Amino acid sequence: MDEQMAALADEISAADGVTVLTGAGVSNASGVPTFRGEEGIWNNEFDPADFRMDRFERDPAGFWTDRLELHERMFGDVTGPNDAHRALARLEDLGVVDVVVTQNTDGLHAEAGTNRLIELHGNNARSVCVECGESVPTETALDDVRAGNSPPSCPVVGCTGHLKPDVVLFGERLPGGAYDSARRMAWESDVFIVVGSSLTVAPASTLPEEAAERGQLAIFDTGETEKDHLAHYLVRGDATETLPALVEAVQARLGREADTRGVENVTQEG
């Protein structure tokens, strides 16, 4: 077993608090494209300016027309949670991960079984009325757009508001409660693990900095990140392989056998 992985397993097995921060790299194996990097959709297919909060406020109909195209590109080929999602859910089951903080809006962590979850940027499956706060499935809103009714309207009788995806748009502040909770967990954790994030987008990118002041910082990614110089552990490779390997190492430390959750390389089930 890799010595670094074994040492990290020792750290998190003995830690009083472990927080995980995930980014787009975790969901890429599930068919969700990344936003940045050479293959990122912001660099090759879509203009981030089209998805700013001020554009939504100025031109909600045009925003939703573009949002439909973005949604189909991002989520049209999603295959469900992958082994990285399931590995993190398993670490929660084992009692070593306290919370997963995610920048992703795809809902795959919850689908994989993670219960203690902070969705920093919201959840793409929901849309909310900007006037009354009524929540509806985003697919319902998108069906309206497909039918030529853009922007989609609030379904509440008498409300004249229109719907907005329940995600944080460019130029919009993160929900205070979610970020404050994530920051508190980062500060209180003995080990903070980052998986699949370029760590370039503030304020989420500041969480590893705060965590490294108090405890151990581990970064799992296929390439370099902005915060590698702060990390005590750098694990290179695909998260669908490295995270199940971490689960295996932790289970060895805890003396527990794998259950049947289905994490590849841990349960040997596909």
# chains A, B, ... in the order shown; residues from 1 in each chain; ligands from 1
$ select_by_dssp --residues "range 80-241 of chain A" --states "alpha helix (DSSP H)" --output "PyMOL selection string"
chain A and resi 83-93+108-112+138-146+176-188+207-214+239-241
$ write_last_selection --atoms "N, CA and C atoms" --output "CSV table (one decimal), in the first residue's frame"
chain,number,residue,atom,x,y,z
A,83,ASP,N,-17.8,5.8,-8.2
A,83,ASP,CA,-17.1,5.2,-7.1
A,83,ASP,C,-16.5,6.3,-6.1
A,84,ALA,N,-16.2,7.5,-6.6
A,84,ALA,CA,-15.7,8.5,-5.8
A,84,ALA,C,-16.8,9.0,-4.8
A,85,HIS,N,-18.0,9.2,-5.4
A,85,HIS,CA,-19.2,9.6,-4.5
A,85,HIS,C,-19.4,8.5,-3.5
A,86,ARG,N,-19.4,7.2,-3.9
A,86,ARG,CA,-19.8,6.1,-3.0
A,86,ARG,C,-18.7,5.9,-2.0
A,87,ALA,N,-17.4,6.2,-2.3
A,87,ALA,CA,-16.3,6.1,-1.3
A,87,ALA,C,-16.5,7.1,-0.2
A,88,LEU,N,-16.9,8.3,-0.6
A,88,LEU,CA,-17.1,9.4,0.5
A,88,LEU,C,-18.3,9.0,1.4
A,89,ALA,N,-19.3,8.5,0.8
A,89,ALA,CA,-20.5,8.0,1.6
A,89,ALA,C,-20.0,6.9,2.5
A,90,ARG,N,-19.1,6.0,2.0
A,90,ARG,CA,-18.7,4.9,2.9
A,90,ARG,C,-17.8,5.5,4.0
A,91,LEU,N,-17.0,6.5,3.8
A,91,LEU,CA,-16.2,7.1,4.9
A,91,LEU,C,-17.1,7.7,5.9
A,92,GLU,N,-18.2,8.3,5.5
A,92,GLU,CA,-19.2,8.8,6.5
A,92,GLU,C,-19.8,7.6,7.3
A,93,ASP,N,-20.1,6.5,6.6
A,93,ASP,CA,-20.6,5.3,7.3
A,93,ASP,C,-19.7,4.8,8.3
A,108,LEU,N,-25.3,14.4,-6.7
A,108,LEU,CA,-24.8,13.0,-6.8
A,108,LEU,C,-24.3,12.6,-5.4
A,109,HIS,N,-23.8,13.4,-4.6
A,109,HIS,CA,-23.4,13.0,-3.2
A,109,HIS,C,-24.6,12.5,-2.4
A,110,ALA,N,-25.7,13.2,-2.5
A,110,ALA,CA,-26.9,12.7,-1.7
A,110,ALA,C,-27.4,11.4,-2.3
A,111,GLU,N,-27.4,11.3,-3.6
A,111,GLU,CA,-27.8,10.1,-4.3
A,111,GLU,C,-27.0,8.9,-3.9
A,112,ALA,N,-25.7,9.2,-3.7
A,112,ALA,CA,-24.7,8.1,-3.3
A,112,ALA,C,-24.9,7.7,-1.9
A,138,THR,N,-36.6,21.6,-11.2
A,138,THR,CA,-36.0,22.4,-12.3
A,138,THR,C,-36.5,21.8,-13.6
A,139,GLU,N,-36.8,20.5,-13.7
A,139,GLU,CA,-37.3,19.9,-14.9
A,139,GLU,C,-38.6,20.5,-15.3
A,140,THR,N,-39.4,20.8,-14.3
A,140,THR,CA,-40.7,21.5,-14.6
A,140,THR,C,-40.5,22.8,-15.2
A,141,ALA,N,-39.6,23.6,-14.7
A,141,ALA,CA,-39.2,24.9,-15.3
A,141,ALA,C,-38.7,24.8,-16.7
A,142,LEU,N,-37.8,23.8,-16.9
A,142,LEU,CA,-37.2,23.6,-18.2
A,142,LEU,C,-38.3,23.1,-19.2
A,143,ASP,N,-39.3,22.3,-18.8
A,143,ASP,CA,-40.3,22.0,-19.7
A,143,ASP,C,-41.1,23.2,-20.2
A,144,ASP,N,-41.3,24.2,-19.3
A,144,ASP,CA,-41.9,25.4,-19.8
A,144,ASP,C,-41.1,26.1,-20.8
A,145,VAL,N,-39.7,26.1,-20.6
A,145,VAL,CA,-38.9,26.8,-21.6
A,145,VAL,C,-38.9,26.0,-22.9
A,146,ARG,N,-38.9,24.7,-22.8
A,146,ARG,CA,-39.0,23.9,-24.1
A,146,ARG,C,-40.3,24.2,-24.8
A,176,GLY,N,-25.3,32.6,3.1
A,176,GLY,CA,-24.5,32.8,4.3
A,176,GLY,C,-24.4,31.6,5.2
A,177,GLY,N,-25.5,31.0,5.4
A,177,GLY,CA,-25.6,29.9,6.3
A,177,GLY,C,-24.7,28.7,5.9
A,178,ALA,N,-24.7,28.4,4.6
A,178,ALA,CA,-24.0,27.3,4.1
A,178,ALA,C,-22.5,27.6,4.2
A,179,TYR,N,-22.1,28.8,3.8
A,179,TYR,CA,-20.6,29.1,3.8
A,179,TYR,C,-20.1,29.2,5.2
A,180,ASP,N,-20.9,29.8,6.1
A,180,ASP,CA,-20.5,29.9,7.5
A,180,ASP,C,-20.3,28.5,8.1
A,181,SER,N,-21.2,27.6,7.8
A,181,SER,CA,-21.1,26.2,8.3
A,181,SER,C,-19.9,25.5,7.8
A,182,ALA,N,-19.6,25.7,6.5
A,182,ALA,CA,-18.4,25.1,5.9
A,182,ALA,C,-17.1,25.7,6.5
A,183,ARG,N,-17.1,27.0,6.7
A,183,ARG,CA,-15.9,27.6,7.3
A,183,ARG,C,-15.7,27.1,8.7
A,184,ARG,N,-16.8,27.0,9.5
A,184,ARG,CA,-16.6,26.5,10.8
A,184,ARG,C,-16.1,25.0,10.8
A,185,MET,N,-16.6,24.2,9.9
A,185,MET,CA,-16.1,22.8,9.9
A,185,MET,C,-14.6,22.8,9.4
A,186,ALA,N,-14.3,23.6,8.5
A,186,ALA,CA,-12.9,23.7,8.1
A,186,ALA,C,-11.9,24.0,9.2
A,187,TRP,N,-12.4,25.0,10.0
A,187,TRP,CA,-11.5,25.5,11.1
A,187,TRP,C,-11.5,24.4,12.2
A,188,GLU,N,-12.5,23.7,12.5
A,188,GLU,CA,-12.6,22.7,13.6
A,188,GLU,C,-12.0,21.3,13.2
A,207,LEU,N,-11.2,28.0,2.1
A,207,LEU,CA,-11.4,27.0,3.1
A,207,LEU,C,-10.1,26.1,3.4
A,208,PRO,N,-9.4,25.6,2.4
A,208,PRO,CA,-8.2,24.9,2.7
A,208,PRO,C,-7.1,25.7,3.4
A,209,GLU,N,-7.1,27.0,3.1
A,209,GLU,CA,-6.1,27.9,3.8
A,209,GLU,C,-6.4,27.9,5.3
A,210,GLU,N,-7.7,28.1,5.6
A,210,GLU,CA,-8.0,28.1,7.0
A,210,GLU,C,-7.8,26.8,7.7
A,211,ALA,N,-8.1,25.7,7.0
A,211,ALA,CA,-8.0,24.4,7.6
A,211,ALA,C,-6.5,24.1,7.8
A,212,ALA,N,-5.6,24.5,6.9
A,212,ALA,CA,-4.2,24.1,7.0
A,212,ALA,C,-3.6,24.9,8.2
A,213,GLU,N,-4.2,25.9,8.7
A,213,GLU,CA,-3.6,26.7,9.8
A,213,GLU,C,-3.7,25.8,11.1
A,214,ARG,N,-4.7,25.0,11.1
A,214,ARG,CA,-5.0,24.2,12.4
A,214,ARG,C,-4.6,22.8,12.2
A,239,ALA,N,-10.1,10.3,-8.9
A,239,ALA,CA,-10.8,10.1,-7.6
A,239,ALA,C,-11.6,8.8,-7.6
A,240,THR,N,-12.0,8.3,-8.7
A,240,THR,CA,-12.7,7.0,-8.7
A,240,THR,C,-11.8,5.8,-8.3
A,241,GLU,N,-10.5,6.1,-8.3
A,241,GLU,CA,-9.6,5.1,-7.9
A,241,GLU,C,-8.9,5.4,-6.6
$ residues_around --residues "Thr79 in chain A" --least-positions-apart "2" --cutoff "8 Å" --atoms "only C-alpha atoms" --output "list in words"
Ser30, Gly31, Asp77 and Pro81 of chain A
$ write_last_selection --atoms "C-alpha atoms" --output "tab-separated table (two decimals), in the first residue's frame"
chain	number	residue	atom	x	y	z
A	30	SER	CA	-20.39	10.38	-13.98
A	31	GLY	CA	-20.68	12.34	-17.21
A	77	ASP	CA	-25.35	12.17	-20.10
A	81	PRO	CA	-23.00	8.49	-8.66
$ residues_around --residues "Pro151 in chain A" --least-positions-apart "4" --cutoff "7 Å" --atoms "only C-alpha atoms" --output "list in words"
Pro60, Ala61, Trp64, Val145 and His162 of chain A
$ residues_around --residues "range 49-54 of chain A" --least-positions-apart "2" --cutoff "7 Å" --atoms "only C-alpha atoms" --output "JSON, numbers by chain"
{"A": [47, 56, 57, 58, 63, 169, 170, 171, 172]}
$ closest_residue --among "A:Ser197, A:Thr65, A:Thr242, A:Gln251" --to "Lys227 in chain A" --atoms "only C-alpha atoms"
A:Ser197
$ closest_residue --among "A:Ser153, A:Thr222, A:Thr22, A:Thr105" --to "Glu134 in chain A" --atoms "only C-alpha atoms"
A:Ser153
$ residues_around --residues "range 6-13 of chain A" --least-positions-apart "3" --cutoff "6 Å" --atoms "only C-alpha atoms" --output "number ranges by chain"
A: 3, 249-250
$ write_last_selection --atoms "N, CA and C atoms" --output "PDB file, in the first residue's frame"
ATOM      1  N   GLU A   3       2.668   4.453   0.860  1.00  0.00           N
ATOM      2  CA  GLU A   3       2.964   4.940   2.207  1.00  0.00           C
ATOM      3  C   GLU A   3       2.192   6.209   2.544  1.00  0.00           C
ATOM      4  N   ALA A 249      -7.815   1.585   2.906  1.00  0.00           N
ATOM      5  CA  ALA A 249      -6.777   1.814   3.914  1.00  0.00           C
ATOM      6  C   ALA A 249      -7.389   2.143   5.272  1.00  0.00           C
ATOM      7  N   VAL A 250      -8.463   2.934   5.266  1.00  0.00           N
ATOM      8  CA  VAL A 250      -9.121   3.280   6.527  1.00  0.00           C
ATOM      9  C   VAL A 250      -9.747   2.042   7.157  1.00  0.00           C
TER      10      VAL A 250
END
$ select_by_dssp --residues "range 48-254 of chain A" --states "strand (DSSP E or B)" --output "PyMOL selection string"
chain A and resi 52+99-102+117-119+122-129+135-137+153+162-167+170+191-195+216-221+233-236
$ write_last_selection --atoms "C-alpha atoms" --output "PDB file, in the first residue's frame"
ATOM      1  CA  ARG A  52     -24.452  36.021 -14.369  1.00  0.00           C
ATOM      2  CA  VAL A  99     -19.375  16.374   6.530  1.00  0.00           C
ATOM      3  CA  VAL A 100     -18.938  16.724   2.777  1.00  0.00           C
ATOM      4  CA  VAL A 101     -18.889  20.308   1.507  1.00  0.00           C
ATOM      5  CA  THR A 102     -19.431  20.433  -2.234  1.00  0.00           C
ATOM      6  CA  LEU A 117     -23.831  17.505   3.140  1.00  0.00           C
ATOM      7  CA  ILE A 118     -23.317  21.240   2.603  1.00  0.00           C
ATOM      8  CA  GLU A 119     -24.117  22.309  -0.973  1.00  0.00           C
ATOM      9  CA  GLY A 122     -27.090  25.111  -4.332  1.00  0.00           C
ATOM     10  CA  ASN A 123     -28.769  22.242  -6.137  1.00  0.00           C
ATOM     11  CA  ASN A 124     -29.575  22.268  -9.829  1.00  0.00           C
ATOM     12  CA  ALA A 125     -32.584  19.971  -9.360  1.00  0.00           C
ATOM     13  CA  ARG A 126     -34.571  22.818  -7.778  1.00  0.00           C
ATOM     14  CA  SER A 127     -35.791  26.173  -9.044  1.00  0.00           C
ATOM     15  CA  VAL A 128     -37.319  28.861  -6.847  1.00  0.00           C
ATOM     16  CA  CYS A 129     -39.620  31.817  -7.365  1.00  0.00           C
ATOM     17  CA  SER A 135     -39.678  25.669  -4.949  1.00  0.00           C
ATOM     18  CA  VAL A 136     -40.351  23.452  -7.982  1.00  0.00           C
ATOM     19  CA  PRO A 137     -38.331  20.755  -9.782  1.00  0.00           C
ATOM     20  CA  SER A 153     -43.497  31.474 -14.112  1.00  0.00           C
ATOM     21  CA  HIS A 162     -40.670  33.971 -12.289  1.00  0.00           C
ATOM     22  CA  LEU A 163     -38.379  31.092 -11.469  1.00  0.00           C
ATOM     23  CA  LYS A 164     -34.617  31.018 -10.968  1.00  0.00           C
ATOM     24  CA  PRO A 165     -32.411  27.924 -10.749  1.00  0.00           C
ATOM     25  CA  ASP A 166     -31.624  27.292  -7.076  1.00  0.00           C
ATOM     26  CA  VAL A 167     -27.900  27.628  -7.702  1.00  0.00           C
ATOM     27  CA  PHE A 170     -21.867  34.431 -11.171  1.00  0.00           C
ATOM     28  CA  VAL A 191      -8.043  16.778   8.653  1.00  0.00           C
ATOM     29  CA  PHE A 192      -9.443  18.654   5.644  1.00  0.00           C
ATOM     30  CA  ILE A 193      -9.563  16.749   2.353  1.00  0.00           C
ATOM     31  CA  VAL A 194     -10.046  18.432  -1.020  1.00  0.00           C
ATOM     32  CA  VAL A 195     -11.110  16.262  -3.962  1.00  0.00           C
ATOM     33  CA  GLN A 216      -3.713  18.485   8.127  1.00  0.00           C
ATOM     34  CA  LEU A 217      -4.629  19.307   4.521  1.00  0.00           C
ATOM     35  CA  ALA A 218      -4.881  16.565   1.892  1.00  0.00           C
ATOM     36  CA  ILE A 219      -5.520  17.309  -1.793  1.00  0.00           C
ATOM     37  CA  PHE A 220      -6.714  14.628  -4.227  1.00  0.00           C
ATOM     38  CA  ASP A 221      -6.574  15.689  -7.869  1.00  0.00           C
ATOM     39  CA  TYR A 233      -0.657  15.128   1.534  1.00  0.00           C
ATOM     40  CA  LEU A 234      -0.882  15.312  -2.269  1.00  0.00           C
ATOM     41  CA  VAL A 235      -2.600  12.360  -3.933  1.00  0.00           C
ATOM     42  CA  ARG A 236      -2.508  12.351  -7.732  1.00  0.00           C
TER      43      ARG A 236
END
$ atom_distance --atom1 "CA of Leu120 in chain A" --atom2 "CA of Gln4 in chain A"
29.4 Å
$ atom_distance --atom1 "CA of Asp2 in chain A" --atom2 "CA of Asp98 in chain A"
24.5 Å
$ closest_residue --among "A:Gly113, A:Gly161, A:Gly23, A:Gly17" --to "Val201 in chain A" --atoms "only C-alpha atoms"
A:Gly23
$ closest_residue --among "A:Pro203, A:Gly158, A:Phe75, A:Asp106" --to "Pro175 in chain A" --atoms "only C-alpha atoms"
A:Pro203
$ closest_residue --among "A:Met5, A:Leu174, A:Cys154, A:Val20" --to "Thr114 in chain A" --atoms "only C-alpha atoms"
A:Val20
$ closest_residue --among "A:Asn82, A:Thr19, A:Thr200, A:Thr206" --to "Glu226 in chain A" --atoms "only C-alpha atoms"
A:Thr200
$ residues_around --residues "Met74 in chain A" --least-positions-apart "6" --cutoff "10 Å" --atoms "only C-alpha atoms" --output "ChimeraX atom specification"
/A:31-35,41,68,106
$ decode --residues "range 78-89 of chain A" --atoms "N, CA, C and O atoms" --output "compact mmCIF listing (two decimals), in the first residue's frame"
# COMPACT_ATOMS: atom_id res chain seq x y z
N VAL A 78 -25.53 12.20 -17.67
CA VAL A 78 -25.16 11.79 -16.32
C VAL A 78 -25.60 10.36 -16.06
O VAL A 78 -26.74 9.97 -16.33
N THR A 79 -24.68 9.58 -15.51
CA THR A 79 -24.94 8.14 -15.28
C THR A 79 -25.21 7.82 -13.82
O THR A 79 -25.37 6.66 -13.47
N GLY A 80 -25.27 8.83 -12.97
CA GLY A 80 -25.48 8.59 -11.55
C GLY A 80 -24.17 8.63 -10.79
O GLY A 80 -23.10 8.89 -11.36
N PRO A 81 -24.22 8.41 -9.48
CA PRO A 81 -23.00 8.49 -8.66
C PRO A 81 -21.94 7.51 -9.14
O PRO A 81 -22.25 6.42 -9.63
N ASN A 82 -20.68 7.90 -8.98
CA ASN A 82 -19.58 7.02 -9.33
C ASN A 82 -18.87 6.54 -8.06
O ASN A 82 -19.30 6.82 -6.94
N ASP A 83 -17.77 5.82 -8.23
CA ASP A 83 -17.08 5.23 -7.08
C ASP A 83 -16.48 6.28 -6.14
O ASP A 83 -16.27 5.99 -4.97
N ALA A 84 -16.20 7.47 -6.65
CA ALA A 84 -15.71 8.53 -5.76
C ALA A 84 -16.82 8.98 -4.82
O ALA A 84 -16.60 9.14 -3.61
N HIS A 85 -18.03 9.21 -5.36
CA HIS A 85 -19.16 9.57 -4.50
C HIS A 85 -19.44 8.49 -3.47
O HIS A 85 -19.65 8.77 -2.28
N ARG A 86 -19.43 7.24 -3.92
CA ARG A 86 -19.75 6.13 -3.01
C ARG A 86 -18.67 5.95 -1.96
O ARG A 86 -18.95 5.58 -0.81
N ALA A 87 -17.42 6.22 -2.32
CA ALA A 87 -16.34 6.10 -1.34
C ALA A 87 -16.50 7.11 -0.22
O ALA A 87 -16.29 6.81 0.95
N LEU A 88 -16.89 8.35 -0.57
CA LEU A 88 -17.08 9.36 0.46
C LEU A 88 -18.27 9.02 1.35
O LEU A 88 -18.23 9.24 2.56
N ALA A 89 -19.32 8.47 0.76
CA ALA A 89 -20.45 8.02 1.58
C ALA A 89 -20.02 6.90 2.52
O ALA A 89 -20.46 6.84 3.67
